[in-house]
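Trainee: Okay, so here is work.cif, and as you'll see once you scroll down, it has mmCIF, C-alpha atoms.
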data_my_file
loop_
_atom_site.label_atom_id
_atom_site.label_comp_id
_atom_site.auth_asym_id
_atom_site.auth_seq_id
_atom_site.Cartn_x
_atom_site.Cartn_y
_atom_site.Cartn_z
CA MET K 20 90.90 89.49 141.95
CA GLY K 21 87.19 90.46 142.09
CA ILE K 22 85.82 93.94 142.74
CA ALA K 23 85.18 93.21 146.42
CA GLU K 24 88.75 92.04 146.98
CA ARG K 25 90.12 95.01 145.03
CA ILE K 26 88.11 97.41 147.15
CA VAL K 27 89.53 95.95 150.37
CA ALA K 28 93.09 95.87 149.04
CA LEU K 29 92.94 99.39 147.62
CA GLY K 30 91.09 100.80 150.56
CA PHE K 31 93.51 99.65 153.20
CA ALA K 32 96.57 100.37 151.06
CA CYS K 33 95.60 103.90 150.08
CA ALA K 34 93.63 104.92 153.15
CA LEU K 35 91.74 107.74 151.47
CA GLY K 36 94.84 109.32 149.97
CA ALA K 37 92.85 110.93 147.15
CA LEU K 38 89.96 112.25 149.21
CA PRO K 39 89.64 115.57 151.04
CA ALA K 40 88.56 114.34 154.43
CA GLN K 41 90.72 112.45 156.84
CA ALA K 42 91.17 109.73 160.92
CA VAL K 43 91.55 110.17 164.60
CA VAL K 44 95.15 111.10 165.32
CA GLY K 45 96.01 111.58 168.96
CA GLY K 46 92.92 109.66 170.03
CA ARG K 47 92.24 106.45 171.93
CA GLU K 48 90.79 103.12 170.87
CA GLY K 49 87.04 102.78 171.32
CA GLY K 50 84.52 105.49 172.00
CA PRO K 51 80.80 106.23 171.94
CA ALA K 52 78.50 104.53 169.42
CA ALA K 53 81.07 101.98 168.25
CA GLY K 54 78.16 99.58 167.71
CA SER K 55 76.51 102.11 165.40
CA THR K 56 79.40 102.56 162.99
CA LEU K 57 81.13 100.64 160.21
CA MET K 58 83.39 101.35 157.25
CA VAL K 59 82.64 102.58 153.73
CA LEU K 60 85.14 101.51 151.05
CA ASN K 61 85.32 102.39 147.38
CA ALA K 62 87.15 101.08 144.33
CA ARG K 63 89.35 104.20 144.10
CA GLY K 64 91.02 103.18 147.34
CA GLY K 65 88.85 105.35 149.55
CA VAL K 66 88.33 104.46 153.21
CA CYS K 67 85.61 106.24 155.18
CA THR K 68 83.46 105.76 158.25
CA GLY K 69 79.68 105.27 158.16
CA ILE K 70 76.96 105.81 160.77
CA VAL K 71 74.13 103.27 161.04
CA LEU K 72 70.76 105.07 161.02
CA SER K 73 68.54 102.01 160.59
CA PRO K 74 69.00 98.33 159.71
CA ARG K 75 69.25 99.21 156.00
CA ALA K 76 70.56 102.80 155.96
CA VAL K 77 73.99 104.31 156.57
CA LEU K 78 74.98 107.99 156.74
CA THR K 79 78.44 109.03 155.54
CA ALA K 80 80.27 111.92 153.83
CA ALA K 81 79.24 112.58 150.23
CA HIS K 82 82.81 112.78 148.94
CA CYS K 83 83.25 109.16 150.02
CA ALA K 84 80.47 108.06 147.68
CA ALA K 85 80.72 110.58 144.82
CA GLY K 86 82.23 110.04 141.40
CA GLY K 87 80.55 106.78 140.49
CA ALA K 88 83.10 104.52 142.18
CA GLU K 89 81.78 101.17 143.40
CA LEU K 90 81.11 101.13 147.13
CA ARG K 91 81.10 98.42 149.74
CA ILE K 92 79.89 98.64 153.33
CA HIS K 93 82.46 96.79 155.43
CA TRP K 94 82.72 95.23 158.87
CA LYS K 95 84.20 92.08 160.36
CA GLU K 96 82.47 88.95 161.62
CA ALA K 97 84.60 86.57 163.69
CA GLY K 98 87.69 88.33 162.34
CA GLU K 99 86.68 87.86 158.70
CA PRO K 100 85.84 90.81 156.41
CA VAL K 101 82.25 91.28 155.25
CA LEU K 102 81.60 93.41 152.15
CA VAL K 103 78.09 94.45 151.18
CA ALA K 104 77.21 96.35 148.00
CA PRO K 105 74.58 99.10 148.43
CA THR K 106 71.41 99.16 146.38
CA ALA K 107 71.17 102.96 146.34
CA VAL K 108 73.28 106.02 147.19
CA SER K 109 71.81 109.49 147.66
CA LEU K 110 74.14 112.51 147.73
CA HIS K 111 72.87 115.69 149.39
CA PRO K 112 71.62 117.97 146.58
CA GLU K 113 73.88 120.77 147.84
CA PHE K 114 77.05 118.68 147.80
CA ASP K 115 79.74 120.33 145.66
CA ALA K 116 82.75 118.13 144.91
CA GLY K 117 84.92 121.14 144.08
CA ALA K 118 83.91 123.22 147.08
CA ILE K 119 87.16 122.89 149.03
CA ARG K 120 89.31 124.13 146.14
CA SER K 121 86.94 126.93 145.18
CA ARG K 122 85.80 127.78 148.74
CA ARG K 123 82.16 127.33 147.86
CA ARG K 124 79.43 126.12 150.20
CA SER K 125 78.88 122.36 150.21
CA ILE K 126 76.87 119.94 152.34
CA ASP K 127 79.07 116.85 152.40
CA LEU K 128 76.50 114.18 153.29
CA ALA K 129 75.35 110.96 151.65
CA LEU K 130 72.91 108.19 152.54
CA VAL K 131 73.55 104.59 151.54
CA ARG K 132 70.80 101.97 151.29
CA LEU K 133 71.37 98.24 151.80
CA ALA K 134 69.29 95.41 150.35
CA GLU K 135 69.33 93.35 153.54
CA PRO K 136 69.32 94.45 157.20
CA LEU K 137 72.58 94.66 159.07
CA PRO K 138 73.33 92.05 161.75
CA GLY K 139 71.53 92.56 165.04
CA ARG K 140 74.72 93.66 166.81
CA PHE K 141 74.49 97.00 164.99
CA ALA K 142 72.29 99.60 166.73
CA ALA K 143 70.78 102.69 165.12
CA ALA K 144 72.65 105.83 166.14
CA GLY K 145 70.83 108.75 167.76
CA LEU K 146 70.98 112.10 165.95
CA VAL K 147 70.43 115.42 167.70
CA ASP K 148 67.93 117.96 166.41
CA GLY K 149 68.41 120.60 169.05
CA SER K 150 70.63 123.52 170.02
CA LEU K 151 74.00 123.43 168.27
CA PRO K 152 77.31 123.29 170.17
CA ARG K 153 78.90 126.70 170.59
CA ALA K 154 82.51 127.70 171.10
CA GLY K 155 84.02 126.01 174.11
CA SER K 156 81.55 123.11 174.21
CA PRO K 157 83.11 119.66 174.69
CA ILE K 158 82.57 117.28 171.79
CA THR K 159 83.92 113.87 170.79
CA LEU K 160 85.02 112.84 167.29
CA ALA K 161 85.32 109.19 166.28
CA GLY K 162 86.11 107.07 163.22
CA TYR K 163 88.06 104.22 161.63
CA GLY K 164 90.86 106.34 160.21
CA VAL K 165 94.60 106.28 160.70
CA SER K 166 96.19 106.95 164.07
CA ARG K 167 99.00 108.88 162.38
CA GLU K 168 98.89 110.65 159.02
CA GLY K 169 100.23 108.50 156.20
CA GLU K 170 100.22 105.25 158.18
CA ALA K 171 97.64 103.27 156.19
CA ARG K 172 98.16 100.13 158.26
CA SER K 173 96.55 101.80 161.28
CA THR K 174 93.23 102.19 159.43
CA GLY K 175 90.32 100.05 160.55
CA THR K 176 90.32 100.53 164.33
CA TYR K 177 87.55 102.64 165.86
CA ARG K 178 89.15 105.54 167.73
CA SER K 179 87.85 108.68 169.38
CA ALA K 180 89.21 111.97 170.69
CA ALA K 181 87.86 114.58 173.11
CA LEU K 182 87.83 117.95 171.35
CA THR K 183 86.34 121.40 171.85
CA ALA K 184 84.00 123.25 169.49
CA VAL K 185 85.56 126.37 168.01
CA GLU K 186 84.12 129.15 165.85
CA PRO K 187 86.90 130.47 163.63
CA TYR K 188 84.36 132.18 161.34
CA GLY K 189 81.59 132.79 163.86
CA PRO K 190 78.73 130.51 164.96
CA GLY K 191 78.17 127.75 162.41
CA ARG K 192 74.76 127.05 160.84
CA ILE K 193 75.99 124.34 158.46
CA LEU K 194 79.41 123.33 159.77
CA ILE K 195 81.02 122.70 163.12
CA TRP K 196 84.74 123.09 163.74
CA ALA K 197 86.61 121.33 166.53
CA ALA K 198 90.12 121.36 167.92
CA ASP K 199 92.19 119.72 170.62
CA PRO K 200 91.63 121.94 173.68
CA ALA K 201 95.33 121.74 174.49
CA GLY K 202 96.30 123.35 171.18
CA ALA K 203 93.13 125.35 170.39
CA GLY K 204 93.66 124.66 166.68
CA LYS K 205 96.97 126.52 166.67
CA ARG K 206 99.28 123.77 167.88
CA PRO K 207 99.22 120.13 166.70
CA GLY K 208 97.02 117.77 168.67
CA ALA K 209 94.17 115.31 168.23
CA SER K 210 92.01 115.63 165.12
CA ALA K 211 90.26 113.78 162.36
CA CYS K 212 92.51 112.26 159.71
CA GLN K 213 92.50 109.87 156.72
CA GLY K 214 89.56 107.48 157.01
CA ASP K 215 87.43 109.40 159.52
CA SER K 216 85.29 111.13 156.89
CA GLY K 217 81.67 110.21 157.46
CA GLY K 218 82.24 109.44 161.12
CA PRO K 219 80.26 110.80 164.06
CA ILE K 220 80.86 113.97 166.05
CA PHE K 221 79.09 113.87 169.42
CA SER K 222 77.86 116.33 171.98
CA GLU K 223 76.63 115.08 175.34
CA ALA K 224 73.19 114.56 173.76
CA GLY K 225 74.25 112.42 170.79
CA ILE K 226 75.53 112.80 167.24
CA VAL K 227 75.46 116.43 166.11
CA ALA K 228 77.62 116.27 162.97
CA VAL K 229 79.36 114.08 160.39
CA THR K 230 83.11 114.52 159.87
CA SER K 231 84.01 115.96 156.47
CA TRP K 232 87.49 117.54 156.51
CA SER K 233 90.56 118.37 158.60
CA THR K 234 93.64 120.57 158.51
CA GLY K 235 97.16 120.20 159.80
CA PRO K 236 100.39 122.17 160.26
CA LYS K 237 103.02 122.75 157.58
CA GLY K 238 101.17 121.24 154.66
CA GLN K 239 99.84 118.25 156.57
CA ASN K 240 96.18 117.24 156.50
CA CYS K 241 95.68 116.30 160.16
CA GLY K 242 96.42 117.63 163.63
CA LEU K 243 94.83 121.08 163.87
CA LEU K 244 91.16 121.65 163.01
CA SER K 245 88.46 119.08 162.27
CA GLN K 246 85.30 120.00 160.38
CA GLY K 247 81.89 118.36 160.32
CA VAL K 248 78.49 118.92 158.73
CA LEU K 249 75.78 119.58 161.33
CA VAL K 250 72.91 117.10 161.02
CA ALA K 251 70.07 119.12 162.58
CA PRO K 252 69.86 121.67 159.73
CA GLN K 253 69.75 118.75 157.25
CA ARG K 254 67.03 116.76 159.02
CA SER K 255 64.42 117.34 156.31
CA TRP K 256 66.68 115.83 153.62
CA ILE K 257 67.72 112.91 155.83
CA ASP K 258 64.15 112.09 156.84
CA ALA K 259 62.72 112.53 153.33
CA THR K 260 65.36 110.27 151.76
CA LEU K 261 64.96 107.59 154.40
CA SER K 262 61.16 107.75 154.05
CA GLN K 263 61.48 106.97 150.34
CA TRP K 264 63.40 103.85 151.34
CA GLY K 265 60.93 102.84 154.04
CA GLU K 266 63.43 103.68 156.80
CA THR K 267 63.51 106.16 159.69
CA ALA K 268 66.23 107.77 161.83
CA ARG K 269 66.29 108.23 165.59
CA TRP K 270 66.23 111.90 166.59
CA SER K 271 66.32 113.60 169.96
CA SER K 272 65.96 117.23 170.94
CA GLY K 273 69.02 117.16 173.18
CA PRO K 274 69.22 117.62 176.95
#
Take the structure in the file and give it back as structure tokens.

Mentor:
Amino acid sequence: MGIAERIVALGFACALGALPAQAVVGGREGGPAAGSTLMVLNARGGVCTGIVLSPRAVLTAAHCAAGGAELRIHWKEAGEPVLVAPTAVSLHPEFDAGAIRSRRRSIDLALVRLAEPLPGRFAAAGLVDGSLPRAGSPITLAGYGVSREGEARSTGTYRSAALTAVEPYGPGRILIWAADPAGAGKRPGASACQGDSGGPIFSEAGIVAVTSWSTGPKGQNCGLLSQGVLVAPQRSWIDATLSQWGETARWSSGP
């Protein structure tokens, strides 16, 4: 079995079991920007979501691409898997792989460069460089993760969930937190889960954050709070990295 086949087999079998971020439980199939997303797989068995920023550039979570594991960008054509190796991966300089355990600050973002442009059916996503969602604002989280924690077979379908921004530690300048409005982050409900890391978090204006982590009740990883890295404060790094690759992102200032 070659590396590409191993990545697919491991990715769908393990469904990000060793990684800190998680998939949309309690969501529905489909959602905004489905044509601007794909999957990011690695040889450790990691499954993540990626956001298309240009024909040759994908934004995802840094923990999906860290550690030197071989990556493949993945989608399906006519029901058959396509696996593309990146030519470059850039982790945000303030990414800290041990941040969750040590409770240190980390910016969990990575950019992936492709040698050839993606098929024309993929559209560049729109990122928001404007006012950040505050507590109570409606947001939508989407990704290719599991529909129920631990069920690896449900990975690979794009799902989304309507959530509400929350501020458990005050207004965020780096991170956004979201919860199912029915449970307010205190009772189980919809959230990110295994495989949604790197996926988009939307306000009404467009993508405001990239999913990085989630929490759940009673030792579980999913079902309560979802966390994402806000993209607006990181625009300079995103634009500078893409410029080095001859690529650009689409930004808007919001409503």

Trainee: Write out as a list in words each polymer residue whose atoms come within 10 Å of Arg206 (chain K), counting all atoms listed in the file; drop sequence neighbours fewer than 4 positions from it.

Mentor: Ala198, Asp199, Pro200, Ala201, Gly202, Gly235, Pro236, Gly242, Leu243 and Leu244 of chain K

Trainee: Keeping only C-alpha atoms, write those residues as a PDB file, in the coordinates of the input.

Mentor:
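Saved the output as out-v9.pdb:
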ATOM      1  CA  ALA K 198      90.120 121.360 167.920  1.00  0.00           C
ATOM      2  CA  ASP K 199      92.190 119.720 170.620  1.00  0.00           C
ATOM      3  CA  PRO K 200      91.630 121.940 173.680  1.00  0.00           C
ATOM      4  CA  ALA K 201      95.330 121.740 174.490  1.00  0.00           C
ATOM      5  CA  GLY K 202      96.300 123.350 171.180  1.00  0.00           C
ATOM      6  CA  GLY K 235      97.160 120.200 159.800  1.00  0.00           C
ATOM      7  CA  PRO K 236     100.390 122.170 160.260  1.00  0.00           C
ATOM      8  CA  GLY K 242      96.420 117.630 163.630  1.00  0.00           C
ATOM      9  CA  LEU K 243      94.830 121.080 163.870  1.00  0.00           C
ATOM     10  CA  LEU K 244      91.160 121.650 163.010  1.00  0.00           C
TER      11      LEU K 244
END

Trainee: Which polymer residues, whether protein, DNA or RNA, lie within 10 Å of the coordinate (81.3, 105.5, 141.4) when you count all atoms listed in the file? List them as a PyMOL selection string, using the chain letters and numbers from the file.

Mentor: chain K and resi 61-63+83-90+108

Trainee: With all atoms listed in the file as the basis for distance, which of K:Leu146, K:Ala134, K:Leu261, K:Ala154 is at the shortest distance from Ser109 (chain K)?

Mentor: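 Counting all atoms listed in the file, the residue closest to Ser109 (chain K) is K:Leu261.
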
Trainee: Evaluate the PyMOL selection byres ((chain K and resi 267) around 10) on the structure here and hand back the selected residues as a PyMOL selection string.

Mentor: chain K and resi 72-76+143+257-266+268-270

Trainee: Could you expand the PyMOL selection byres ((chain K and resi 137) around 12) into the explicit residues it covers here, written as a ChimeraX atom specification?

Mentor: /K:54-57,71-77,92-96,101-103,105,132-136,138-143

Trainee: Write the selection just made, keeping C-alpha atoms, as a CSV table (one decimal), in the frame of the given file?

Mentor:
chain,number,residue,atom,x,y,z
K,54,GLY,CA,78.2,99.6,167.7
K,55,SER,CA,76.5,102.1,165.4
K,56,THR,CA,79.4,102.6,163.0
K,57,LEU,CA,81.1,100.6,160.2
K,71,VAL,CA,74.1,103.3,161.0
K,72,LEU,CA,70.8,105.1,161.0
K,73,SER,CA,68.5,102.0,160.6
K,74,PRO,CA,69.0,98.3,159.7
K,75,ARG,CA,69.2,99.2,156.0
K,76,ALA,CA,70.6,102.8,156.0
K,77,VAL,CA,74.0,104.3,156.6
K,92,ILE,CA,79.9,98.6,153.3
K,93,HIS,CA,82.5,96.8,155.4
K,94,TRP,CA,82.7,95.2,158.9
K,95,LYS,CA,84.2,92.1,160.4
K,96,GLU,CA,82.5,89.0,161.6
K,101,VAL,CA,82.2,91.3,155.2
K,102,LEU,CA,81.6,93.4,152.2
K,103,VAL,CA,78.1,94.4,151.2
K,105,PRO,CA,74.6,99.1,148.4
K,132,ARG,CA,70.8,102.0,151.3
K,133,LEU,CA,71.4,98.2,151.8
K,134,ALA,CA,69.3,95.4,150.4
K,135,GLU,CA,69.3,93.4,153.5
K,136,PRO,CA,69.3,94.4,157.2
K,138,PRO,CA,73.3,92.0,161.8
K,139,GLY,CA,71.5,92.6,165.0
K,140,ARG,CA,74.7,93.7,166.8
K,141,PHE,CA,74.5,97.0,165.0
K,142,ALA,CA,72.3,99.6,166.7
K,143,ALA,CA,70.8,102.7,165.1

Trainee: For the PyMOL selection byres ((chain K and resi 81) around 7), applied here, can you spell out every residue it catches as a PyMOL selection string?

Mentor: chain K and resi 79-80+82-85+110+114+127-129

Trainee: Taking into account only C-alpha atoms, which residue in the set K:Thr183, K:Ser255, K:Val44, K:Ala116 is nearest to Asn240 (chain K)?

Mentor: K:Val44

Trainee: Hey, which of K:Tyr177, K:Pro152, K:Ala52, K:Arg167 ends up closest to Cys241 (chain K)? Count all atoms listed in the file.

Mentor: K:Arg167

Trainee: Which is closest to Thr68 (chain K) among K:Ile193, K:Leu249, K:Val43, K:Ile158, if we use all atoms listed in the file?

Mentor: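 Selected residue with least distance to Thr68 (chain K): K:Val43.
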